[in-house]
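Engineer: This is the content of model-v4.cif (mmCIF, C-alpha atoms):
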```cif
data_work
#
loop_
_atom_site.label_atom_id
_atom_site.label_comp_id
_atom_site.auth_asym_id
_atom_site.auth_seq_id
_atom_site.Cartn_x
_atom_site.Cartn_y
_atom_site.Cartn_z
CA MET A 276 35.15 -33.39 2.64
CA GLY A 277 33.08 -36.37 3.72
CA ALA A 278 33.94 -38.28 0.59
CA GLY A 279 37.64 -37.71 1.20
CA ASN A 280 37.39 -39.08 4.76
CA ASP A 281 35.54 -42.14 3.50
CA THR A 282 38.23 -42.72 0.94
CA THR A 283 40.96 -42.58 3.58
CA ALA A 284 39.04 -44.95 5.88
CA SER A 285 38.44 -47.51 3.20
CA THR A 286 42.06 -47.28 2.10
CA ARG A 287 43.23 -48.03 5.64
CA ALA A 288 40.80 -50.92 5.96
CA ALA A 289 42.06 -52.47 2.77
CA GLY A 290 45.67 -52.01 3.87
CA ALA A 291 46.57 -50.79 0.44
CA SER A 292 49.00 -48.00 -0.26
CA ALA A 293 47.12 -46.52 -3.20
CA PRO A 294 43.89 -44.58 -2.45
CA VAL A 295 40.77 -46.35 -3.62
CA PRO A 296 37.41 -44.55 -3.90
CA ALA A 297 35.03 -45.69 -1.15
CA ALA A 298 31.96 -45.78 -3.32
CA ALA A 299 33.15 -46.25 -6.84
CA PRO A 300 30.19 -46.25 -9.19
CA PRO A 301 29.48 -49.71 -10.55
CA ALA A 302 30.16 -50.11 -14.21
CA SER A 303 26.81 -50.57 -15.83
CA SER A 304 24.87 -49.71 -18.91
CA ALA A 305 23.42 -46.63 -17.08
CA GLU A 306 26.83 -44.95 -17.06
CA PRO A 307 26.56 -41.66 -18.95
CA THR A 308 28.12 -41.67 -22.33
CA ALA A 309 29.55 -38.75 -24.25
CA GLU A 310 26.51 -38.80 -26.53
CA GLY A 311 24.05 -38.91 -23.61
CA ARG A 312 25.31 -35.78 -21.88
CA SER A 313 23.33 -32.55 -21.69
CA THR A 314 23.54 -30.54 -24.83
CA GLU A 315 21.39 -27.60 -23.71
CA PHE A 316 20.40 -25.66 -20.59
CA ARG A 317 16.77 -24.89 -19.87
CA ALA A 318 15.35 -22.61 -17.19
CA VAL A 319 12.97 -23.93 -14.52
CA GLU A 320 9.40 -23.30 -15.71
CA GLY A 321 7.78 -20.53 -13.68
CA GLY A 322 10.84 -19.93 -11.56
CA ALA A 323 9.29 -20.43 -8.11
CA GLU A 324 12.18 -22.60 -6.97
CA MET A 325 14.61 -19.77 -7.64
CA GLN A 326 12.77 -17.22 -5.48
CA SER A 327 13.84 -16.72 -1.91
CA GLY A 328 10.78 -16.37 0.33
CA THR A 329 12.73 -14.17 2.74
CA ALA A 330 13.83 -11.82 -0.03
CA LEU A 331 10.27 -11.55 -1.39
CA LEU A 332 8.92 -10.91 2.11
CA THR A 333 11.51 -8.18 2.70
CA GLU A 334 10.71 -6.55 -0.65
CA ALA A 335 6.98 -6.61 0.12
CA TYR A 336 7.41 -4.98 3.53
CA ALA A 337 9.87 -2.42 2.20
CA ALA A 338 7.43 -1.45 -0.56
CA ILE A 339 4.54 -1.07 1.89
CA TRP A 340 6.38 1.11 4.33
CA LEU A 341 8.09 3.22 1.68
CA LEU A 342 4.67 4.00 0.21
CA ALA A 343 3.07 4.75 3.58
CA LEU A 344 5.94 6.81 4.99
CA GLY A 345 6.44 8.59 1.67
CA LEU A 346 2.82 9.68 1.60
CA VAL A 347 2.84 10.81 5.25
CA LEU A 348 6.10 12.76 4.94
CA LEU A 349 5.24 14.35 1.60
CA GLY A 350 1.82 15.29 2.96
CA MET A 351 3.32 16.87 6.08
CA ARG A 352 5.81 18.87 3.97
CA LYS A 353 3.10 20.06 1.60
CA LEU A 354 0.85 21.01 4.54
CA ARG A 355 3.62 23.05 6.16
CA ARG A 356 4.24 24.89 2.88
CA LEU A 357 0.53 25.56 2.42
CA GLU A 358 0.18 26.77 6.00
CA ALA A 359 3.10 29.16 5.63
CA ARG A 360 1.61 30.53 2.40
CA LEU A 361 -1.82 30.84 4.04
CA ASP A 362 -0.32 32.71 7.01
CA GLY A 363 1.57 35.10 4.73
CA LEU A 364 -1.39 35.77 2.48
CA SER A 365 -3.80 36.23 5.41
CA SER A 366 -1.58 38.87 6.99
CA GLU A 367 -1.08 40.64 3.63
CA ILE A 368 -4.84 40.74 3.07
CA ALA A 369 -5.40 42.03 6.61
CA ARG A 370 -2.82 44.80 6.02
CA ALA A 371 -4.36 45.71 2.67
CA ARG A 372 -7.83 45.92 4.22
CA ALA A 373 -6.50 48.09 7.04
CA ASP A 374 -4.87 50.43 4.48
CA GLN A 375 -8.12 50.63 2.51
CA ALA A 376 -10.04 51.45 5.67
CA LYS A 377 -7.63 54.28 6.49
CA LYS A 378 -7.92 55.73 2.99
CA GLY A 379 -11.66 55.40 2.61
CA MET B 4 -3.79 32.28 9.73
CA SER B 5 -6.43 32.84 12.39
CA GLU B 6 -7.62 30.11 14.74
CA SER B 7 -10.98 29.97 12.98
CA GLU B 8 -9.22 29.49 9.65
CA ARG B 9 -7.08 26.76 11.15
CA ALA B 10 -10.22 25.11 12.44
CA SER B 11 -11.77 25.28 8.98
CA THR B 12 -8.85 23.30 7.58
CA GLY B 13 -9.04 20.75 10.38
CA GLY B 14 -6.81 22.23 13.07
CA GLY B 15 -3.26 23.57 13.16
CA ILE B 16 -2.15 21.98 9.98
CA ALA B 17 1.05 19.92 9.97
CA GLY B 18 1.37 19.54 13.72
CA GLY B 19 -2.21 19.20 14.97
CA LYS B 20 -2.28 17.36 18.29
CA GLY B 21 -4.98 14.93 17.21
CA PHE B 22 -3.12 14.13 14.03
CA LEU B 23 0.17 13.59 15.84
CA ALA B 24 -1.54 11.34 18.41
CA LEU B 25 -3.04 9.29 15.58
CA LEU B 26 0.33 9.10 13.82
CA ALA B 27 1.98 7.94 17.06
CA ALA B 28 -0.74 5.31 17.58
CA SER B 29 -0.21 4.07 14.00
CA ALA B 30 3.56 3.84 14.53
CA LEU B 31 3.13 2.01 17.85
CA SER B 32 0.65 -0.40 16.36
CA LEU B 33 3.04 -1.03 13.47
CA VAL B 34 5.94 -1.84 15.80
CA ILE B 35 3.81 -4.27 17.82
CA ALA B 36 2.41 -5.84 14.64
CA LEU B 37 5.90 -6.35 13.20
CA GLN B 38 7.04 -7.91 16.46
CA VAL B 39 4.14 -10.38 16.48
CA ILE B 40 4.33 -11.15 12.75
CA PHE B 41 8.05 -11.82 12.62
CA LEU B 42 8.81 -13.14 16.10
CA LYS B 43 5.59 -14.75 17.36
CA ALA B 44 3.46 -15.95 14.46
CA PRO B 45 4.59 -19.38 13.23
CA VAL B 46 5.82 -20.03 9.71
CA GLU B 47 3.08 -21.52 7.53
CA ALA B 48 3.52 -25.23 6.81
CA SER B 49 3.20 -25.37 3.02
CA MET B 50 4.32 -21.92 1.83
CA GLY B 51 7.00 -21.09 4.36
CA ILE B 52 8.04 -17.62 5.46
CA VAL B 53 6.68 -15.85 2.37
CA GLN B 54 3.14 -16.43 3.73
CA LYS B 55 3.85 -13.67 6.29
CA ILE B 56 3.12 -11.18 3.50
CA PHE B 57 -0.51 -12.15 4.18
CA TYR B 58 -0.56 -10.21 7.49
CA PHE B 59 -0.16 -6.92 5.60
CA HIS B 60 -1.47 -7.87 2.15
CA VAL B 61 -5.02 -8.52 3.38
CA PRO B 62 -5.15 -5.50 5.74
CA SER B 63 -3.86 -3.24 2.93
CA ALA B 64 -6.73 -4.51 0.74
CA TYR B 65 -9.06 -3.64 3.60
CA GLY B 66 -7.40 -0.20 3.78
CA MET B 67 -8.13 0.22 0.08
CA TYR B 68 -11.79 -0.53 0.79
CA LEU B 69 -11.78 2.09 3.59
CA GLY B 70 -10.33 4.70 1.22
CA ALA B 71 -12.78 3.77 -1.51
CA PHE B 72 -15.67 3.95 0.96
CA ALA B 73 -14.52 7.43 2.08
CA CYS B 74 -14.35 8.44 -1.59
CA PHE B 75 -17.88 7.11 -2.13
CA VAL B 76 -19.28 8.95 0.92
CA GLY B 77 -17.48 12.18 0.00
CA SER B 78 -18.53 11.96 -3.65
CA ALA B 79 -22.17 11.23 -2.82
CA GLY B 80 -22.06 14.00 -0.20
CA TYR B 81 -20.61 16.47 -2.70
CA LEU B 82 -23.26 15.62 -5.28
CA ALA B 83 -25.95 16.13 -2.60
CA LYS B 84 -24.58 19.14 -0.69
CA GLY B 85 -21.74 20.57 -2.79
CA THR B 86 -19.56 21.43 0.21
CA PRO B 87 -15.74 21.67 -0.05
CA ARG B 88 -15.39 19.37 2.97
CA MET B 89 -17.18 16.53 1.14
CA ASP B 90 -15.06 17.13 -1.95
CA ALA B 91 -11.90 17.01 0.19
CA LEU B 92 -13.08 13.74 1.77
CA ALA B 93 -13.72 12.20 -1.66
CA ARG B 94 -10.35 13.28 -2.99
CA ALA B 95 -8.50 12.08 0.11
CA GLY B 96 -10.38 8.76 -0.01
CA ALA B 97 -9.36 8.20 -3.63
CA GLU B 98 -5.72 8.91 -2.76
CA ILE B 99 -5.82 6.41 0.12
CA ALA B 100 -7.47 3.85 -2.17
CA VAL B 101 -4.65 4.29 -4.71
CA THR B 102 -1.90 4.06 -2.08
CA MET B 103 -3.36 1.00 -0.37
CA GLY B 104 -4.26 -0.51 -3.74
CA LEU B 105 -0.65 -0.18 -4.86
CA MET B 106 0.40 -1.94 -1.66
CA VAL B 107 -1.97 -4.80 -2.53
CA LEU B 108 -0.74 -4.95 -6.12
CA ILE B 109 2.91 -4.99 -5.07
CA THR B 110 2.72 -7.41 -2.15
CA GLY B 111 0.33 -9.86 -3.87
CA PRO B 112 2.56 -10.57 -6.89
CA LEU B 113 5.64 -10.90 -4.63
CA TRP B 114 3.80 -13.57 -2.67
CA ALA B 115 2.48 -15.16 -5.87
CA ALA B 116 6.01 -15.41 -7.27
CA LYS B 117 6.77 -17.96 -4.59
CA ALA B 118 3.35 -19.57 -4.15
CA TRP B 119 2.25 -19.83 -7.80
CA GLY B 120 5.57 -19.55 -9.59
CA ARG B 121 4.50 -16.42 -11.42
CA TYR B 122 3.93 -12.81 -10.48
CA TRP B 123 0.59 -12.28 -12.16
CA THR B 124 -2.30 -14.21 -13.55
CA TRP B 125 -5.65 -12.90 -14.84
CA ASP B 126 -7.52 -14.42 -11.91
CA PRO B 127 -10.95 -12.77 -11.24
CA ARG B 128 -9.89 -11.26 -7.92
CA LEU B 129 -6.59 -9.94 -9.24
CA THR B 130 -8.24 -8.50 -12.34
CA THR B 131 -11.09 -6.79 -10.46
CA SER B 132 -8.60 -5.41 -7.89
CA LEU B 133 -6.43 -3.97 -10.68
CA LEU B 134 -9.52 -2.48 -12.30
CA SER B 135 -10.55 -0.84 -9.03
CA VAL B 136 -7.12 0.68 -8.46
CA LEU B 137 -7.17 2.02 -12.02
CA VAL B 138 -10.56 3.67 -11.36
CA TYR B 139 -9.10 5.53 -8.37
CA VAL B 140 -5.91 6.37 -10.26
CA ALA B 141 -8.22 7.91 -12.92
CA TYR B 142 -9.97 9.91 -10.18
CA VAL B 143 -6.68 11.21 -8.75
CA VAL B 144 -5.28 12.07 -12.19
CA LEU B 145 -8.54 13.79 -13.12
CA ARG B 146 -8.41 15.98 -10.03
CA ALA B 147 -4.71 16.70 -10.41
CA PHE B 148 -4.73 17.75 -14.05
CA THR B 149 -8.11 19.35 -14.60
CA GLY B 150 -9.40 22.52 -12.97
CA ASN B 151 -10.91 22.75 -9.53
CA GLY B 152 -14.27 24.05 -10.68
CA ASP B 153 -17.68 22.74 -9.76
CA ALA B 154 -18.10 20.84 -13.05
CA GLU B 155 -14.79 18.98 -12.61
CA ARG B 156 -15.62 18.20 -9.00
CA LYS B 157 -19.03 16.85 -9.96
CA PHE B 158 -17.59 14.74 -12.77
CA ALA B 159 -15.02 13.30 -10.35
CA ALA B 160 -17.75 12.75 -7.74
CA ALA B 161 -19.74 10.70 -10.26
CA LEU B 162 -16.61 8.62 -10.90
CA GLY B 163 -16.17 8.21 -7.12
CA VAL B 164 -19.74 6.91 -6.75
CA LEU B 165 -19.58 4.60 -9.76
CA GLY B 166 -16.07 3.37 -8.85
CA ALA B 167 -17.41 1.96 -5.59
CA ALA B 168 -19.61 -0.46 -7.55
CA ASN B 169 -16.56 -2.61 -8.26
CA LEU B 170 -15.76 -3.18 -4.57
CA PRO B 171 -18.36 -5.88 -3.85
CA ILE B 172 -17.37 -7.53 -7.14
CA ILE B 173 -13.77 -7.83 -5.87
CA HIS B 174 -14.99 -9.28 -2.61
CA TYR B 175 -17.31 -11.90 -4.09
CA SER B 176 -15.22 -12.72 -7.17
CA VAL B 177 -13.46 -15.57 -5.35
CA GLN B 178 -16.78 -17.18 -4.40
CA LYS B 179 -18.52 -16.63 -7.72
CA TRP B 180 -15.82 -17.25 -10.31
CA GLY B 181 -13.19 -19.36 -8.56
CA GLY B 182 -9.63 -18.74 -9.72
CA GLN B 183 -6.31 -19.29 -8.00
CA HIS B 184 -6.59 -16.61 -5.33
CA PRO B 185 -6.88 -18.23 -1.87
CA LYS B 186 -9.95 -17.64 0.29
CA VAL B 187 -8.67 -18.33 3.78
CA ILE B 188 -10.62 -15.87 5.91
CA SER B 189 -13.68 -15.20 3.75
CA ASN B 190 -16.76 -17.43 3.37
CA GLY B 191 -15.80 -21.03 2.73
CA GLY B 192 -12.22 -20.56 3.90
CA GLY B 193 -10.56 -22.76 6.49
CA GLY B 194 -9.31 -19.81 8.55
CA LEU B 195 -6.07 -19.39 10.44
CA ARG B 196 -5.24 -22.49 12.46
CA HIS B 197 -2.95 -20.95 15.07
CA PRO B 198 -3.89 -18.31 17.68
CA ASP B 199 -0.69 -16.32 16.98
CA MET B 200 -1.60 -16.21 13.29
CA LYS B 201 -4.99 -14.76 14.25
CA LEU B 202 -3.32 -12.24 16.57
CA ALA B 203 -0.90 -11.17 13.80
CA LEU B 204 -3.75 -10.64 11.35
CA THR B 205 -5.81 -8.71 13.93
CA LEU B 206 -2.84 -6.42 14.58
CA GLY B 207 -2.37 -6.01 10.83
CA PHE B 208 -5.99 -4.87 10.52
CA LEU B 209 -5.60 -2.50 13.46
CA THR B 210 -2.41 -1.01 12.02
CA PHE B 211 -3.93 -0.45 8.60
CA THR B 212 -7.12 1.02 10.05
CA LEU B 213 -5.05 3.54 12.01
CA LEU B 214 -2.82 4.21 9.01
CA ALA B 215 -5.79 4.73 6.68
CA VAL B 216 -7.49 7.11 9.14
CA THR B 217 -4.21 9.01 9.70
CA LEU B 218 -3.63 9.42 5.97
CA LEU B 219 -7.26 10.31 5.38
CA TRP B 220 -7.18 13.00 8.06
CA GLN B 221 -3.96 14.46 6.70
CA ARG B 222 -5.11 14.48 3.06
CA VAL B 223 -8.50 16.04 3.97
CA ARG B 224 -6.71 18.82 5.84
CA LEU B 225 -4.32 19.30 2.95
CA HIS B 226 -7.14 19.67 0.41
CA LEU B 227 -9.11 22.00 2.70
CA ALA B 228 -5.99 24.14 3.17
CA ALA B 229 -5.40 24.20 -0.59
CA GLY B 230 -9.04 25.24 -1.14
CA ARG B 231 -8.71 28.00 1.47
CA LEU B 232 -5.50 29.19 -0.22
CA ASP B 233 -7.34 29.42 -3.57
CA GLU B 234 -10.01 31.59 -1.92
CA LEU B 235 -7.41 33.86 -0.31
CA GLU B 236 -5.54 34.20 -3.61
CA GLU B 237 -8.75 35.34 -5.31
CA GLU B 238 -9.33 37.80 -2.48
CA ALA B 239 -5.75 39.04 -2.82
CA ILE B 240 -6.23 39.61 -6.56
CA GLU B 241 -9.40 41.62 -5.87
CA LEU B 242 -7.44 43.75 -3.40
CA GLY B 243 -4.67 44.34 -5.95
CA LEU B 244 -2.12 42.20 -4.11
CA ALA B 245 -1.46 39.86 -7.04
CA GLY B 246 1.99 39.44 -8.52
CA ASP B 247 4.02 38.74 -5.38
CA GLY B 248 3.92 34.93 -5.87
#
```
If you convert what's in this file into structure tokens, what do you get?

Structural biologist:
Amino acid sequence: MGAGNDTTASTRAAGASAPVPAAAPPASSAEPTAEGRSTEFRAVEGGAEMQSGTALLTEAYAAIWLLALGLVLLGMRKLRRLEARLDGLSSEIARARADQAKKG
Amino acid sequence: MSESERASTGGGIAGGKGFLALLAASALSLVIALQVIFLKAPVEASMGIVQKIFYFHVPSAYGMYLGAFACFVGSAGYLAKGTPRMDALARAGAEIAVTMGLMVLITGPLWAAKAWGRYWTWDPRLTTSLLSVLVYVAYVVLRAFTGNGDAERKFAAALGVLGAANLPIIHYSVQKWGGQHPKVISNGGGGLRHPDMKLALTLGFLTFTLLAVTLLWQRVRLHLAAGRLDELEEEAIELGLAGDG
């Protein structure tokens, strides 16, 4: 976008009808040649530059709170189940003892 | 279940008032901590936003120490007194140590990915932390898959006592052996340079203390209830009530 505007401005300034690049690269010996182009792709070593800090932070917090909430909720569910079983068994035992007392 | 039985398992199990109050306090503390960490504490100059993992990474390591300490006290208490309450405390402590330890081992590498360019390195503090979590995983697995007899409890209690020996090694590993792990708030560290950073860390510690105590309370009650259920099942078998599930 910016390069296009520069091109138009420089074209107007020159008064020419044909568009001329504003910053045409100077012809020099540093100009890439066909032989000098990349022939392979290599990954960044370590990969830190590719990691988004925000994404890592979000993942860390999600992991923490999933673990904590998971443990609390699973614990509460297991406690409720145990309590129900304890209540049922206690009353059954009390009934059985009462029956035994009547018989004996 | 009678009131005395409820009391023996730590109160009216899933919905005990004390437990719910503690859970509410933990949740409130968490909300305030999140607010301060994300909206008030400044972004760190060299590492950027990923440094905010610190405000829960360090407190979760502290929570692991709390769980491990509870496991040590419960294990030593069980070896000395042999009471189910001490055994429940040791078991609950080991579970908290594993949970908090996993938090440390997940959040640390995520931070390291950005700060060091790799998730893991065999740095002394990282290695000793992993070793400690594995000790408590061994404790939890041992209790889950072996019987609940006195011999198994004593064996686990010995592991709980010996496992605590690694905790000071984790703490002092940074000072003694160096490595890549930062030492910002321990001896020789430069500390946090902004008051809002200090506030965020303090709230992180408060939140994880409340969370560790809440979880510890709940797990102790759960193990006491499970122990009481075992006793009642034996009583039911003696009375000829077995076979109804």

Engineer: Spell out the residues picked by the PyMOL selection byres ((chain A) within 12 of (chain B)) here, as a ChimeraX atom specification.

Structural biologist: /A:319-375

Engineer: Go ahead and write the residues just picked, C-alpha atoms, as a PDB file, keeping the file's coordinate frame.

Structural biologist:
```pdb
ATOM      1  CA  VAL A 319      12.970 -23.930 -14.520  1.00  0.00           C
ATOM      2  CA  GLU A 320       9.400 -23.300 -15.710  1.00  0.00           C
ATOM      3  CA  GLY A 321       7.780 -20.530 -13.680  1.00  0.00           C
ATOM      4  CA  GLY A 322      10.840 -19.930 -11.560  1.00  0.00           C
ATOM      5  CA  ALA A 323       9.290 -20.430  -8.110  1.00  0.00           C
ATOM      6  CA  GLU A 324      12.180 -22.600  -6.970  1.00  0.00           C
ATOM      7  CA  MET A 325      14.610 -19.770  -7.640  1.00  0.00           C
ATOM      8  CA  GLN A 326      12.770 -17.220  -5.480  1.00  0.00           C
ATOM      9  CA  SER A 327      13.840 -16.720  -1.910  1.00  0.00           C
ATOM     10  CA  GLY A 328      10.780 -16.370   0.330  1.00  0.00           C
ATOM     11  CA  THR A 329      12.730 -14.170   2.740  1.00  0.00           C
ATOM     12  CA  ALA A 330      13.830 -11.820  -0.030  1.00  0.00           C
ATOM     13  CA  LEU A 331      10.270 -11.550  -1.390  1.00  0.00           C
ATOM     14  CA  LEU A 332       8.920 -10.910   2.110  1.00  0.00           C
ATOM     15  CA  THR A 333      11.510  -8.180   2.700  1.00  0.00           C
ATOM     16  CA  GLU A 334      10.710  -6.550  -0.650  1.00  0.00           C
ATOM     17  CA  ALA A 335       6.980  -6.610   0.120  1.00  0.00           C
ATOM     18  CA  TYR A 336       7.410  -4.980   3.530  1.00  0.00           C
ATOM     19  CA  ALA A 337       9.870  -2.420   2.200  1.00  0.00           C
ATOM     20  CA  ALA A 338       7.430  -1.450  -0.560  1.00  0.00           C
ATOM     21  CA  ILE A 339       4.540  -1.070   1.890  1.00  0.00           C
ATOM     22  CA  TRP A 340       6.380   1.110   4.330  1.00  0.00           C
ATOM     23  CA  LEU A 341       8.090   3.220   1.680  1.00  0.00           C
ATOM     24  CA  LEU A 342       4.670   4.000   0.210  1.00  0.00           C
ATOM     25  CA  ALA A 343       3.070   4.750   3.580  1.00  0.00           C
ATOM     26  CA  LEU A 344       5.940   6.810   4.990  1.00  0.00           C
ATOM     27  CA  GLY A 345       6.440   8.590   1.670  1.00  0.00           C
ATOM     28  CA  LEU A 346       2.820   9.680   1.600  1.00  0.00           C
ATOM     29  CA  VAL A 347       2.840  10.810   5.250  1.00  0.00           C
ATOM     30  CA  LEU A 348       6.100  12.760   4.940  1.00  0.00           C
ATOM     31  CA  LEU A 349       5.240  14.350   1.600  1.00  0.00           C
ATOM     32  CA  GLY A 350       1.820  15.290   2.960  1.00  0.00           C
ATOM     33  CA  MET A 351       3.320  16.870   6.080  1.00  0.00           C
ATOM     34  CA  ARG A 352       5.810  18.870   3.970  1.00  0.00           C
ATOM     35  CA  LYS A 353       3.100  20.060   1.600  1.00  0.00           C
ATOM     36  CA  LEU A 354       0.850  21.010   4.540  1.00  0.00           C
ATOM     37  CA  ARG A 355       3.620  23.050   6.160  1.00  0.00           C
ATOM     38  CA  ARG A 356       4.240  24.890   2.880  1.00  0.00           C
ATOM     39  CA  LEU A 357       0.530  25.560   2.420  1.00  0.00           C
ATOM     40  CA  GLU A 358       0.180  26.770   6.000  1.00  0.00           C
ATOM     41  CA  ALA A 359       3.100  29.160   5.630  1.00  0.00           C
ATOM     42  CA  ARG A 360       1.610  30.530   2.400  1.00  0.00           C
ATOM     43  CA  LEU A 361      -1.820  30.840   4.040  1.00  0.00           C
ATOM     44  CA  ASP A 362      -0.320  32.710   7.010  1.00  0.00           C
ATOM     45  CA  GLY A 363       1.570  35.100   4.730  1.00  0.00           C
ATOM     46  CA  LEU A 364      -1.390  35.770   2.480  1.00  0.00           C
ATOM     47  CA  SER A 365      -3.800  36.230   5.410  1.00  0.00           C
ATOM     48  CA  SER A 366      -1.580  38.870   6.990  1.00  0.00           C
ATOM     49  CA  GLU A 367      -1.080  40.640   3.630  1.00  0.00           C
ATOM     50  CA  ILE A 368      -4.840  40.740   3.070  1.00  0.00           C
ATOM     51  CA  ALA A 369      -5.400  42.030   6.610  1.00  0.00           C
ATOM     52  CA  ARG A 370      -2.820  44.800   6.020  1.00  0.00           C
ATOM     53  CA  ALA A 371      -4.360  45.710   2.670  1.00  0.00           C
ATOM     54  CA  ARG A 372      -7.830  45.920   4.220  1.00  0.00           C
ATOM     55  CA  ALA A 373      -6.500  48.090   7.040  1.00  0.00           C
ATOM     56  CA  ASP A 374      -4.870  50.430   4.480  1.00  0.00           C
ATOM     57  CA  GLN A 375      -8.120  50.630   2.510  1.00  0.00           C
TER      58      GLN A 375
END
```

Engineer: Determine, counting all atoms listed in the file, which protein, DNA and RNA residues have an atom within 8 Å of an atom of Leu69 in chain B; residues of the same chain fewer than 4 positions away are not included. Present the result as a list in words.

Structural biologist: Tyr65, Ala73, Gly96, Ala100 and Ala215 of chain B

Engineer: CA of Cys74 in chain B and CA of Arg94 in chain B are how many Å apart?

Structural biologist: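 CA of Arg94 in chain B lies at a distance of 6.4 Å from CA of Cys74 in chain B.
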
Engineer: Suppose you want the space between CA of Gly85 in chain B and CA of Arg156 in chain B; what is it in Å?

Structural biologist: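 Result for CA of Gly85 in chain B versus CA of Arg156 in chain B: 9.0 Å, one decimal.
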
Engineer: Enter the distance from CA of Leu42 in chain B to CA of Asp199 in chain B, in Å, rounded to one decimal.

Structural biologist: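 So the answer is 10.1 Å.
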
Engineer: Running the PyMOL selection byres ((chain B and resi 35) around 12) on this model by hand, what would come out? Give it as a list in words.

Structural biologist: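 That selection, the PyMOL selection byres ((chain B and resi 35) around 12), comes back as Ala28, Ser29, Ala30, Leu31, Ser32, Leu33, Val34, Ala36, Leu37, Gln38, Val39, Ile40, Phe41, Leu42, Lys43, Leu202, Ala203, Leu204, Thr205, Leu206, Gly207, Leu209 and Thr210 of chain B.
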
Engineer: What's the 7 Å shell around range 175-184 of chain B, counting all atoms listed in the file, without same-chain residues fewer than 3 positions away, as a ChimeraX atom specification?

Structural biologist: /B:126-128,171-172

Engineer: Write out the residues from the selection above, keeping C-alpha atoms, as a short mmCIF file (atom, residue, chain, number, x, y, z; two decimals), in the coordinates of the input.

Structural biologist:
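Output file out_27.cif follows:
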```cif
data_model
loop_
_atom_site.label_atom_id
_atom_site.label_comp_id
_atom_site.auth_asym_id
_atom_site.auth_seq_id
_atom_site.Cartn_x
_atom_site.Cartn_y
_atom_site.Cartn_z
CA ASP B 126 -7.52 -14.42 -11.91
CA PRO B 127 -10.95 -12.77 -11.24
CA ARG B 128 -9.89 -11.26 -7.92
CA PRO B 171 -18.36 -5.88 -3.85
CA ILE B 172 -17.37 -7.53 -7.14
#
```

Engineer: Report as a ChimeraX atom specification the full result of the PyMOL selection byres ((chain B and resi 135) around 9) when it is applied to this structure.

Structural biologist: /B:100-101,104,130-134,136-140,166-167,169-170,173

Engineer: Let's have the selection written as a tab-separated table (two decimals), in the coordinates of the input, with C-alpha atoms.

Structural biologist:
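That gives us part-v4.tsv:
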```tsv
chain	number	residue	atom	x	y	z
B	100	ALA	CA	-7.47	3.85	-2.17
B	101	VAL	CA	-4.65	4.29	-4.71
B	104	GLY	CA	-4.26	-0.51	-3.74
B	130	THR	CA	-8.24	-8.50	-12.34
B	131	THR	CA	-11.09	-6.79	-10.46
B	132	SER	CA	-8.60	-5.41	-7.89
B	133	LEU	CA	-6.43	-3.97	-10.68
B	134	LEU	CA	-9.52	-2.48	-12.30
B	136	VAL	CA	-7.12	0.68	-8.46
B	137	LEU	CA	-7.17	2.02	-12.02
B	138	VAL	CA	-10.56	3.67	-11.36
B	139	TYR	CA	-9.10	5.53	-8.37
B	140	VAL	CA	-5.91	6.37	-10.26
B	166	GLY	CA	-16.07	3.37	-8.85
B	167	ALA	CA	-17.41	1.96	-5.59
B	169	ASN	CA	-16.56	-2.61	-8.26
B	170	LEU	CA	-15.76	-3.18	-4.57
B	173	ILE	CA	-13.77	-7.83	-5.87
```
